[in-house]
Amino acid sequence: MEESELFRKKREKIESLRASGVELYPNDVKVTHRMDEMQKNYGHLDHDALAGVEEHFSVAGRIMAIRDFGKGAFIVLQDRKGKLQAFIRKDRVGEKGFSLFKSLDVGDIAFVAGRIFKTKTGELTIEAATLRLLAKAMRFLPEKWHGLTDVEARYRQRHLDLVMNPRVREVFQTRSRIIQLIRQFMQERDFLEVETPMMQPIAGGALARPFKTHHNALDMDLYLRIAPELYLKRLIVGGLERVYEINRNFRNEGISTLHNPEFTMMEFYMAYATYEDLMVLTEELLTFIVRTLFGSLKVTYQGTELDFTPPWPRMTVRDALTRIGNIDPGILGDRGGLHKVAGGMGLLFEEHQPLGKILMGIFDEKVEGRIIQPTFITHYPIEVSPLSRRNVEDPSLADRFELFIYGREIANAFSELNDPADQRQRFIKQLQEREAGDEEAHEMDEDYIQALEYAMPPAAGEGIGVDRLVMLLTDSPSIRDVILFPQMRKKEEDKEKTEER
């Protein structure tokens, strides 16, 4: 049947219900039980045992299937936690109730109340004494959602994805659990959860392109934050000493399986700690989450077993370049040699680019994707670490680490730069790089420098990519699989409509 004809018949049914006085969207029922609870508490009982259960149950959910046998029928209801079968019999729900059943469709939201029993096939079932329509679906659910090859349709219509795919619901339930565990872990260590501005007058705290907006009343440009770092460190100056925030960052960059312009970070700062302390803390946090979720420290991701058993390997950037990237250690300090190696990889750097940026460009190309097991990479070039404390033994390096798992950066941390004079010089250097064309270089932030001039205690801070962590722990291949509403390109038909207008 043509789709337009199906919709015509659906509209006729809805109008007929309205005319007969059926309320299509009531809100006066009380649900007493979840379906997974009923399956857990009663699913193991046999028919005779269930016959002794006098309790009446009321459930509600979306109708996922209907099997009509004339004077009786089975429907499958789905709520947020599971599914349960209901038996609709004319002599139990009455003429009016059974007439209502005949007007129900897959996709409608319904309410059923009654006692429970088991069918001959052993399926727990609620025998309806009461049947109500709670919300009439005006559109049809996709019949073969699991067979869709257009994965973008799932992301664009996440509401349908959640209805039709239990695995998707499980992913987002696990995501919520992971965030709860992070909060539990941080609270137990006396960290205070805070909120800092999403709109900032200066885009700071990271090297990234910001989104720009304008506040009309104040007549000033603002930026969606690329990181909360400089505000969280102001709180360290203010004496809070241990703070963290779980919230969104926004970066005007590309979209891929690992990048979404709007993403979730957990960022925290700890006074009287170093980046080495945070490596231990990070191991403790992630092993706590993994062990709680799986009862083990081994997780399979995309067919590869990841072992989170501490201690995790630690390796400097330079060691990683030589041992994993097979770069000749003799050229790591040779700009000309590095330019030649980078050029052989198709990486082009202008002459003014600092040596550290060339090193990290080669690292990104040759090393990052080869680090599979949880590994800390330490001692980054100071040129790519404008907010980090210098290493005492080698001031060209920063006391910094990044955590890599399955070829992806999961966390970035460093001992904080709390010398306002040094910070000013770093900002000036960043301004020079902006003038030379680097759009991601940091801007000067006089207000932050002034805060440092009131003295910030020695501290260390870290950002952990929540989305990427959830990807690993739910075996999800794309960041879009763990963000409920990922950013999508406009559909071609939307573009055409926009152009027509």
# chains A, B, ... in the order shown; residues from 1 in each chain; ligands from 1
>>> residues_around(residues="range 403-414 of chain A", least_positions_apart="5", cutoff="8 Å", atoms="only C-alpha atoms", output="list in words")
Thr274, Tyr275, Leu278, Glu368, Gly369, Arg370, Ile371, Ile372, Gln373, Pro374, Thr375, Phe376, Ile377, Ser388, Arg389, Ala398, Ala460, Gly461, Glu462, Gly463, Ile464, Gly465, Arg468 and Leu469 of chain A
>>> select_by_dssp(residues="range 167-310 of chain A", states="strand (DSSP E or B)", output="VMD selection string")
chain A and resid 192 to 193 199 to 200 211 to 215 220 to 224 242 to 250 262 to 271 298 to 301 304 to 307
>>> write_last_selection(atoms="N, CA and C atoms", output="CSV table (one decimal), in the first residue's frame")
chain,number,residue,atom,x,y,z
A,192,LEU,N,35.2,19.7,44.9
A,192,LEU,CA,33.9,20.4,44.8
A,192,LEU,C,33.5,20.6,43.4
A,193,GLU,N,32.3,20.1,43.1
A,193,GLU,CA,31.8,20.3,41.7
A,193,GLU,C,31.3,21.8,41.5
A,199,MET,N,29.8,31.1,28.1
A,199,MET,CA,30.2,32.3,27.2
A,199,MET,C,31.3,33.1,27.8
A,200,GLN,N,32.3,33.3,27.1
A,200,GLN,CA,33.5,33.9,27.7
A,200,GLN,C,34.0,35.1,26.8
A,211,PHE,N,33.8,29.2,18.7
A,211,PHE,CA,32.6,29.7,18.1
A,211,PHE,C,32.4,31.1,18.6
A,212,LYS,N,32.0,32.0,17.8
A,212,LYS,CA,31.8,33.4,18.2
A,212,LYS,C,30.4,33.8,18.1
A,213,THR,N,29.9,34.6,19.1
A,213,THR,CA,28.6,35.1,19.2
A,213,THR,C,28.6,36.5,19.6
A,214,HIS,N,27.4,37.2,19.7
A,214,HIS,CA,27.4,38.6,20.1
A,214,HIS,C,26.2,38.8,21.1
A,215,HIS,N,26.5,39.5,22.2
A,215,HIS,CA,25.5,39.8,23.2
A,215,HIS,C,25.0,41.2,22.9
A,220,MET,N,28.8,43.3,22.9
A,220,MET,CA,30.1,42.8,23.0
A,220,MET,C,30.1,41.4,22.4
A,221,ASP,N,31.3,41.0,21.8
A,221,ASP,CA,31.4,39.7,21.3
A,221,ASP,C,31.8,38.7,22.4
A,222,LEU,N,31.2,37.5,22.3
A,222,LEU,CA,31.5,36.5,23.3
A,222,LEU,C,31.9,35.2,22.5
A,223,TYR,N,32.5,34.3,23.2
A,223,TYR,CA,32.9,33.0,22.6
A,223,TYR,C,32.4,31.9,23.4
A,224,LEU,N,31.9,30.9,22.8
A,224,LEU,CA,31.5,29.6,23.5
A,224,LEU,C,32.8,29.0,23.9
A,242,ARG,N,40.4,22.2,45.5
A,242,ARG,CA,40.0,21.0,44.7
A,242,ARG,C,38.7,21.2,44.1
A,243,VAL,N,38.7,21.4,42.7
A,243,VAL,CA,37.4,21.7,42.0
A,243,VAL,C,37.4,20.9,40.8
A,244,TYR,N,36.2,20.6,40.3
A,244,TYR,CA,36.0,19.9,39.0
A,244,TYR,C,34.7,20.3,38.4
A,245,GLU,N,34.6,20.1,37.1
A,245,GLU,CA,33.4,20.5,36.4
A,245,GLU,C,33.2,19.4,35.3
A,246,ILE,N,32.0,19.0,35.1
A,246,ILE,CA,31.6,18.1,34.0
A,246,ILE,C,30.6,18.9,33.2
A,247,ASN,N,31.1,19.3,32.0
A,247,ASN,CA,30.2,20.1,31.2
A,247,ASN,C,30.7,20.2,29.7
A,248,ARG,N,30.0,21.0,28.9
A,248,ARG,CA,30.3,21.0,27.5
A,248,ARG,C,31.4,22.0,27.2
A,249,ASN,N,32.2,21.6,26.2
A,249,ASN,CA,33.1,22.5,25.5
A,249,ASN,C,32.7,22.6,24.0
A,250,PHE,N,33.1,23.7,23.4
A,250,PHE,CA,32.8,23.9,22.0
A,250,PHE,C,34.0,24.3,21.2
A,262,GLU,N,30.6,20.0,19.8
A,262,GLU,CA,30.1,20.2,21.1
A,262,GLU,C,30.3,18.9,21.9
A,263,PHE,N,31.2,18.9,22.9
A,263,PHE,CA,31.5,17.6,23.5
A,263,PHE,C,31.7,17.8,25.0
A,264,THR,N,31.7,16.7,25.8
A,264,THR,CA,31.7,16.8,27.2
A,264,THR,C,33.1,16.5,27.8
A,265,MET,N,33.5,17.3,28.7
A,265,MET,CA,34.8,17.1,29.4
A,265,MET,C,34.6,17.1,30.9
A,266,MET,N,35.4,16.3,31.6
A,266,MET,CA,35.5,16.4,33.0
A,266,MET,C,36.9,17.1,33.3
A,267,GLU,N,36.9,18.3,33.8
A,267,GLU,CA,38.1,19.0,34.1
A,267,GLU,C,38.2,19.3,35.5
A,268,PHE,N,39.4,19.0,36.1
A,268,PHE,CA,39.6,19.2,37.5
A,268,PHE,C,41.0,19.8,37.8
A,269,TYR,N,41.0,20.4,39.0
A,269,TYR,CA,42.3,21.1,39.5
A,269,TYR,C,42.5,20.8,40.9
A,270,MET,N,43.8,20.5,41.3
A,270,MET,CA,44.1,20.1,42.6
A,270,MET,C,45.3,20.8,43.1
A,271,ALA,N,45.1,21.6,44.2
A,271,ALA,CA,46.3,22.3,44.7
A,271,ALA,C,47.2,21.4,45.4
A,298,LYS,N,39.8,-5.8,32.4
A,298,LYS,CA,40.0,-6.1,31.0
A,298,LYS,C,38.7,-5.8,30.2
A,299,VAL,N,38.8,-5.0,29.2
A,299,VAL,CA,37.6,-4.6,28.4
A,299,VAL,C,37.9,-4.9,26.9
A,300,THR,N,37.0,-5.4,26.2
A,300,THR,CA,37.2,-5.6,24.7
A,300,THR,C,36.6,-4.4,24.0
A,301,TYR,N,37.4,-3.8,23.2
A,301,TYR,CA,36.9,-2.7,22.3
A,301,TYR,C,37.2,-2.9,20.9
A,304,THR,N,39.5,-5.7,20.2
A,304,THR,CA,40.9,-5.7,20.9
A,304,THR,C,40.7,-5.6,22.4
A,305,GLU,N,41.4,-6.5,23.1
A,305,GLU,CA,41.3,-6.5,24.6
A,305,GLU,C,42.2,-5.4,25.1
A,306,LEU,N,41.6,-4.5,25.9
A,306,LEU,CA,42.3,-3.4,26.6
A,306,LEU,C,42.5,-3.8,28.1
A,307,ASP,N,43.7,-3.7,28.6
A,307,ASP,CA,44.0,-4.1,30.0
A,307,ASP,C,44.3,-2.9,30.8
>>> select_by_dssp(residues="range 121-207 of chain A", states="helix (DSSP H, G or I)", output="CSV table (one decimal) with C-alpha atoms, in the first residue's frame")
chain,number,residue,atom,x,y,z
A,145,TRP,CA,15.1,-0.4,11.8
A,146,HIS,CA,17.9,-2.8,12.4
A,147,GLY,CA,18.4,-3.3,8.7
A,151,VAL,CA,23.4,5.3,10.0
A,152,GLU,CA,22.9,9.0,9.7
A,153,ALA,CA,19.1,8.4,9.9
A,154,ARG,CA,19.7,6.9,13.4
A,155,TYR,CA,21.5,10.0,14.5
A,156,ARG,CA,19.0,12.4,13.0
A,158,ARG,CA,17.5,9.5,17.8
A,159,HIS,CA,14.0,9.2,19.3
A,160,LEU,CA,13.3,6.4,16.8
A,161,ASP,CA,16.7,4.9,17.4
A,162,LEU,CA,16.0,4.7,21.1
A,163,VAL,CA,12.6,3.2,20.6
A,164,MET,CA,13.7,0.5,18.2
A,166,PRO,CA,17.7,-1.7,23.0
A,167,ARG,CA,21.5,-1.5,22.5
A,168,VAL,CA,21.3,2.2,22.0
A,169,ARG,CA,19.4,2.7,25.2
A,170,GLU,CA,22.0,0.6,27.0
A,171,VAL,CA,24.8,2.8,25.7
A,172,PHE,CA,23.2,6.0,27.1
A,173,GLN,CA,22.3,4.3,30.4
A,174,THR,CA,26.0,3.3,30.7
A,175,ARG,CA,27.1,6.8,29.9
A,176,SER,CA,24.9,8.1,32.7
A,177,ARG,CA,26.4,5.5,35.0
A,178,ILE,CA,30.0,6.5,34.1
A,179,ILE,CA,29.3,10.1,34.9
A,180,GLN,CA,27.7,9.2,38.2
A,181,LEU,CA,30.9,7.1,39.0
A,182,ILE,CA,33.1,10.1,38.2
A,183,ARG,CA,31.1,12.3,40.6
A,184,GLN,CA,31.3,9.6,43.3
A,185,PHE,CA,35.0,9.2,42.9
A,186,MET,CA,35.7,13.0,43.0
A,187,GLN,CA,33.4,13.6,45.9
A,188,GLU,CA,35.1,10.9,47.9
>>> residues_around(residues="Leu355 in chain A", least_positions_apart="6", cutoff="9 Å", atoms="only C-alpha atoms", output="list of chain:residue names")
A:Leu332, A:Gly333, A:Asp334, A:Arg335, A:Leu338, A:Pro381, A:Glu383
>>> write_last_selection(atoms="N, CA and C atoms", output="compact mmCIF listing (two decimals), in the first residue's frame")
# COMPACT_ATOMS: atom_id res chain seq x y z
N LEU A 332 65.95 14.67 16.42
CA LEU A 332 64.85 15.24 17.20
C LEU A 332 65.09 16.71 17.54
N GLY A 333 66.36 17.12 17.57
CA GLY A 333 66.66 18.52 17.83
C GLY A 333 67.11 19.27 16.59
N ASP A 334 66.99 18.62 15.43
CA ASP A 334 67.47 19.19 14.17
C ASP A 334 66.26 19.66 13.34
N ARG A 335 66.05 20.97 13.26
CA ARG A 335 64.89 21.50 12.55
C ARG A 335 64.88 21.05 11.09
N LEU A 338 63.97 17.38 10.85
CA LEU A 338 62.56 17.16 11.16
C LEU A 338 61.66 17.64 10.02
N PRO A 381 56.70 19.38 24.44
CA PRO A 381 57.41 20.63 24.17
C PRO A 381 56.66 21.82 24.78
N GLU A 383 56.37 24.71 23.64
CA GLU A 383 55.70 25.53 22.63
C GLU A 383 54.23 25.14 22.45
>>> atom_distance(atom1="CA of Gln430 in chain A", atom2="CA of Ala206 in chain A")
11.5 Å
>>> atom_distance(atom1="CA of Arg323 in chain A", atom2="CA of Glu283 in chain A")
23.3 Å
>>> closest_residue(among="A:Met488, A:Pro354, A:Met360, A:Gly330", to="Lys429 in chain A", atoms="only C-alpha atoms")
A:Pro354
>>> residues_around(residues="Arg80 in chain A", least_positions_apart="3", cutoff="9 Å", atoms="only C-alpha atoms", output="PyMOL selection string")
chain A and resi 34-35+61+83+169
>>> write_last_selection(atoms="C-alpha atoms", output="compact mmCIF listing (two decimals), in the first residue's frame")
# COMPACT_ATOMS: atom_id res chain seq x y z
CA ARG A 34 8.52 -1.34 35.80
CA MET A 35 8.65 -4.20 33.37
CA GLY A 61 4.66 1.74 27.53
CA LYS A 83 9.32 -5.33 27.63
CA ARG A 169 19.38 2.69 25.21
>>> residues_around(residues="range 254-256 of chain A", least_positions_apart="5", cutoff="12 Å", atoms="only C-alpha atoms", output="PyMOL selection string")
chain A and resi 208-209+261-263+477-481+486-489
>>> write_last_selection(atoms="N, CA and C atoms", output="mmCIF file, in the first residue's frame")
data_model
loop_
_atom_site.group_PDB
_atom_site.id
_atom_site.type_symbol
_atom_site.label_atom_id
_atom_site.label_comp_id
_atom_site.auth_asym_id
_atom_site.auth_seq_id
_atom_site.Cartn_x
_atom_site.Cartn_y
_atom_site.Cartn_z
ATOM 1 N N ALA A 208 42.564 26.019 20.288
ATOM 2 C CA ALA A 208 41.479 25.564 19.417
ATOM 3 C C ALA A 208 40.741 26.770 18.855
ATOM 4 N N ARG A 209 40.027 26.554 17.757
ATOM 5 C CA ARG A 209 39.215 27.614 17.164
ATOM 6 C C ARG A 209 37.870 27.695 17.892
ATOM 7 N N PRO A 261 31.696 19.029 17.407
ATOM 8 C CA PRO A 261 31.969 20.425 17.807
ATOM 9 C C PRO A 261 31.553 20.735 19.245
ATOM 10 N N GLU A 262 30.582 20.008 19.753
ATOM 11 C CA GLU A 262 30.101 20.174 21.128
ATOM 12 C C GLU A 262 30.349 18.861 21.851
ATOM 13 N N PHE A 263 31.177 18.883 22.879
ATOM 14 C CA PHE A 263 31.548 17.630 23.534
ATOM 15 C C PHE A 263 31.665 17.837 25.042
ATOM 16 N N PRO A 477 31.965 2.511 18.018
ATOM 17 C CA PRO A 477 33.000 2.902 17.056
ATOM 18 C C PRO A 477 33.054 4.395 16.759
ATOM 19 N N SER A 478 31.945 5.123 16.993
ATOM 20 C CA SER A 478 31.897 6.534 16.638
ATOM 21 C C SER A 478 31.432 7.368 17.827
ATOM 22 N N ILE A 479 31.961 8.592 17.912
ATOM 23 C CA ILE A 479 31.529 9.502 18.976
ATOM 24 C C ILE A 479 30.046 9.825 18.839
ATOM 25 N N ARG A 480 29.521 9.715 17.625
ATOM 26 C CA ARG A 480 28.088 9.973 17.427
ATOM 27 C C ARG A 480 27.224 8.922 18.111
ATOM 28 N N ASP A 481 27.805 7.748 18.372
ATOM 29 C CA ASP A 481 27.051 6.689 19.035
ATOM 30 C C ASP A 481 26.867 6.960 20.522
ATOM 31 N N PRO A 486 24.171 14.274 18.124
ATOM 32 C CA PRO A 486 25.413 14.782 17.542
ATOM 33 C C PRO A 486 25.131 15.812 16.463
ATOM 34 N N GLN A 487 26.113 16.668 16.227
ATOM 35 C CA GLN A 487 25.974 17.673 15.174
ATOM 36 C C GLN A 487 26.002 16.988 13.820
ATOM 37 N N MET A 488 25.058 17.356 12.944
ATOM 38 C CA MET A 488 24.954 16.738 11.627
ATOM 39 C C MET A 488 24.964 17.811 10.549
ATOM 40 N N ARG A 489 25.444 17.431 9.390
ATOM 41 C CA ARG A 489 25.319 18.320 8.240
ATOM 42 C C ARG A 489 23.850 18.443 7.859
#
>>> residues_around(residues="Gly238 in chain A", least_positions_apart="6", cutoff="10 Å", atoms="only C-alpha atoms", output="PDB file with N, CA and C atoms, in the first residue's frame")
ATOM      1  N   LEU A 232      38.448  27.773  36.241  1.00  0.00           N
ATOM      2  CA  LEU A 232      38.653  26.833  37.332  1.00  0.00           C
ATOM      3  C   LEU A 232      39.908  27.179  38.127  1.00  0.00           C
ATOM      4  N   ALA A 451      44.757  37.571  38.232  1.00  0.00           N
ATOM      5  CA  ALA A 451      44.401  36.577  39.250  1.00  0.00           C
ATOM      6  C   ALA A 451      45.640  35.845  39.740  1.00  0.00           C
ATOM      7  N   TYR A 454      47.747  37.457  42.465  1.00  0.00           N
ATOM      8  CA  TYR A 454      47.340  37.314  43.861  1.00  0.00           C
ATOM      9  C   TYR A 454      47.868  36.022  44.471  1.00  0.00           C
ATOM     10  N   ALA A 455      48.597  35.243  43.680  1.00  0.00           N
ATOM     11  CA  ALA A 455      49.264  34.000  44.097  1.00  0.00           C
ATOM     12  C   ALA A 455      48.329  32.803  44.026  1.00  0.00           C
ATOM     13  N   MET A 456      48.646  31.930  43.082  1.00  0.00           N
ATOM     14  CA  MET A 456      47.962  30.637  42.998  1.00  0.00           C
ATOM     15  C   MET A 456      48.875  29.581  43.573  1.00  0.00           C
ATOM     16  N   PRO A 457      48.400  28.746  44.480  1.00  0.00           N
ATOM     17  CA  PRO A 457      49.266  27.713  45.053  1.00  0.00           C
ATOM     18  C   PRO A 457      49.731  26.741  43.974  1.00  0.00           C
TER      19      PRO A 457
END
>>> closest_residue(among="A:Glu393, A:Gly94, A:Lys357, A:Gln302", to="Asp475 in chain A", atoms="only C-alpha atoms")
A:Gln302
>>> closest_residue(among="A:Gly43, A:Pro313, A:Gly337, A:Gly205", to="Glu123 in chain A", atoms="only C-alpha atoms")
A:Gly43
>>> closest_residue(among="A:Lys90, A:His47, A:Lys9, A:His352", to="Leu124 in chain A", atoms="only C-alpha atoms")
A:His47
>>> atom_distance(atom1="CA of Val367 in chain A", atom2="CA of Ser385 in chain A")
18.8 Å
>>> closest_residue(among="A:Ala73, A:Leu84, A:Met444, A:Met38", to="Phe101 in chain A", atoms="only C-alpha atoms")
A:Ala73
>>> closest_residue(among="A:Tyr42, A:Phe401, A:Phe87, A:Phe57", to="Thr316 in chain A", atoms="only C-alpha atoms")
A:Phe401
>>> decode(residues="range 294-375 of chain A", atoms="C-alpha atoms", output="CSV table (one decimal), in the first residue's frame")
chain,number,residue,atom,x,y,z
A,294,PHE,CA,32.6,-4.9,34.3
A,295,GLY,CA,33.9,-6.6,37.5
A,296,SER,CA,37.3,-6.9,35.7
A,297,LEU,CA,40.1,-4.6,34.5
A,298,LYS,CA,40.0,-6.1,31.0
A,299,VAL,CA,37.6,-4.6,28.4
A,300,THR,CA,37.2,-5.6,24.7
A,301,TYR,CA,36.9,-2.7,22.3
A,302,GLN,CA,36.3,-3.3,18.6
A,303,GLY,CA,37.7,-6.8,19.0
A,304,THR,CA,40.9,-5.7,20.9
A,305,GLU,CA,41.3,-6.5,24.6
A,306,LEU,CA,42.3,-3.4,26.6
A,307,ASP,CA,44.0,-4.1,30.0
A,308,PHE,CA,43.5,-1.3,32.5
A,309,THR,CA,45.6,-3.1,35.2
A,310,PRO,CA,47.9,-0.5,36.8
A,311,PRO,CA,50.6,0.8,36.7
A,312,TRP,CA,50.3,1.9,33.1
A,313,PRO,CA,53.4,2.4,30.9
A,314,ARG,CA,54.9,5.9,30.9
A,315,MET,CA,57.0,7.3,28.1
A,316,THR,CA,58.2,10.7,27.1
A,317,VAL,CA,57.3,12.3,23.8
A,318,ARG,CA,60.8,11.8,22.5
A,319,ASP,CA,61.0,8.2,23.6
A,320,ALA,CA,57.7,7.5,21.9
A,321,LEU,CA,58.9,9.1,18.7
A,322,THR,CA,62.0,6.9,18.6
A,323,ARG,CA,60.5,3.6,20.0
A,324,ILE,CA,57.1,3.7,18.4
A,325,GLY,CA,57.5,6.1,15.5
A,326,ASN,CA,61.0,4.8,14.5
A,327,ILE,CA,62.3,8.3,14.2
A,328,ASP,CA,66.1,8.7,14.4
A,329,PRO,CA,66.8,10.2,17.9
A,330,GLY,CA,69.7,12.1,16.3
A,331,ILE,CA,67.3,14.4,14.4
A,332,LEU,CA,64.9,15.2,17.2
A,333,GLY,CA,66.7,18.5,17.8
A,334,ASP,CA,67.5,19.2,14.2
A,335,ARG,CA,64.9,21.5,12.6
A,336,GLY,CA,66.1,20.7,9.0
A,337,GLY,CA,66.0,17.0,9.6
A,338,LEU,CA,62.6,17.2,11.2
A,339,HIS,CA,61.2,19.3,8.3
A,340,LYS,CA,62.5,16.6,5.9
A,341,VAL,CA,60.9,13.8,7.9
A,342,ALA,CA,57.6,15.7,8.2
A,343,GLY,CA,57.6,16.5,4.4
A,344,GLY,CA,58.0,12.8,3.7
A,345,MET,CA,54.8,12.2,5.6
A,346,GLY,CA,53.0,14.9,3.7
A,347,LEU,CA,53.1,17.3,6.6
A,348,LEU,CA,54.1,20.9,5.7
A,349,PHE,CA,55.3,23.4,8.3
A,350,GLU,CA,56.3,27.0,7.6
A,351,GLU,CA,59.8,28.1,8.6
A,352,HIS,CA,58.5,30.1,11.6
A,353,GLN,CA,56.9,27.1,13.2
A,354,PRO,CA,58.5,26.2,16.5
A,355,LEU,CA,60.5,23.0,16.8
A,356,GLY,CA,58.0,21.6,19.3
A,357,LYS,CA,55.1,21.9,16.9
A,358,ILE,CA,56.9,20.0,14.3
A,359,LEU,CA,57.7,17.3,16.8
A,360,MET,CA,54.1,17.0,17.8
A,361,GLY,CA,52.9,17.0,14.1
A,362,ILE,CA,55.1,13.9,13.5
A,363,PHE,CA,53.9,12.4,16.8
A,364,ASP,CA,50.3,12.7,15.8
A,365,GLU,CA,51.0,11.1,12.4
A,366,LYS,CA,53.4,8.3,13.4
A,367,VAL,CA,52.8,7.5,17.1
A,368,GLU,CA,49.4,8.4,18.4
A,369,GLY,CA,47.4,5.8,16.5
A,370,ARG,CA,49.8,3.0,17.5
A,371,ILE,CA,49.3,3.4,21.3
A,372,ILE,CA,46.7,0.8,22.0
A,373,GLN,CA,47.0,-0.1,25.7
A,374,PRO,CA,46.5,2.7,28.4
A,375,THR,CA,49.8,4.7,28.2
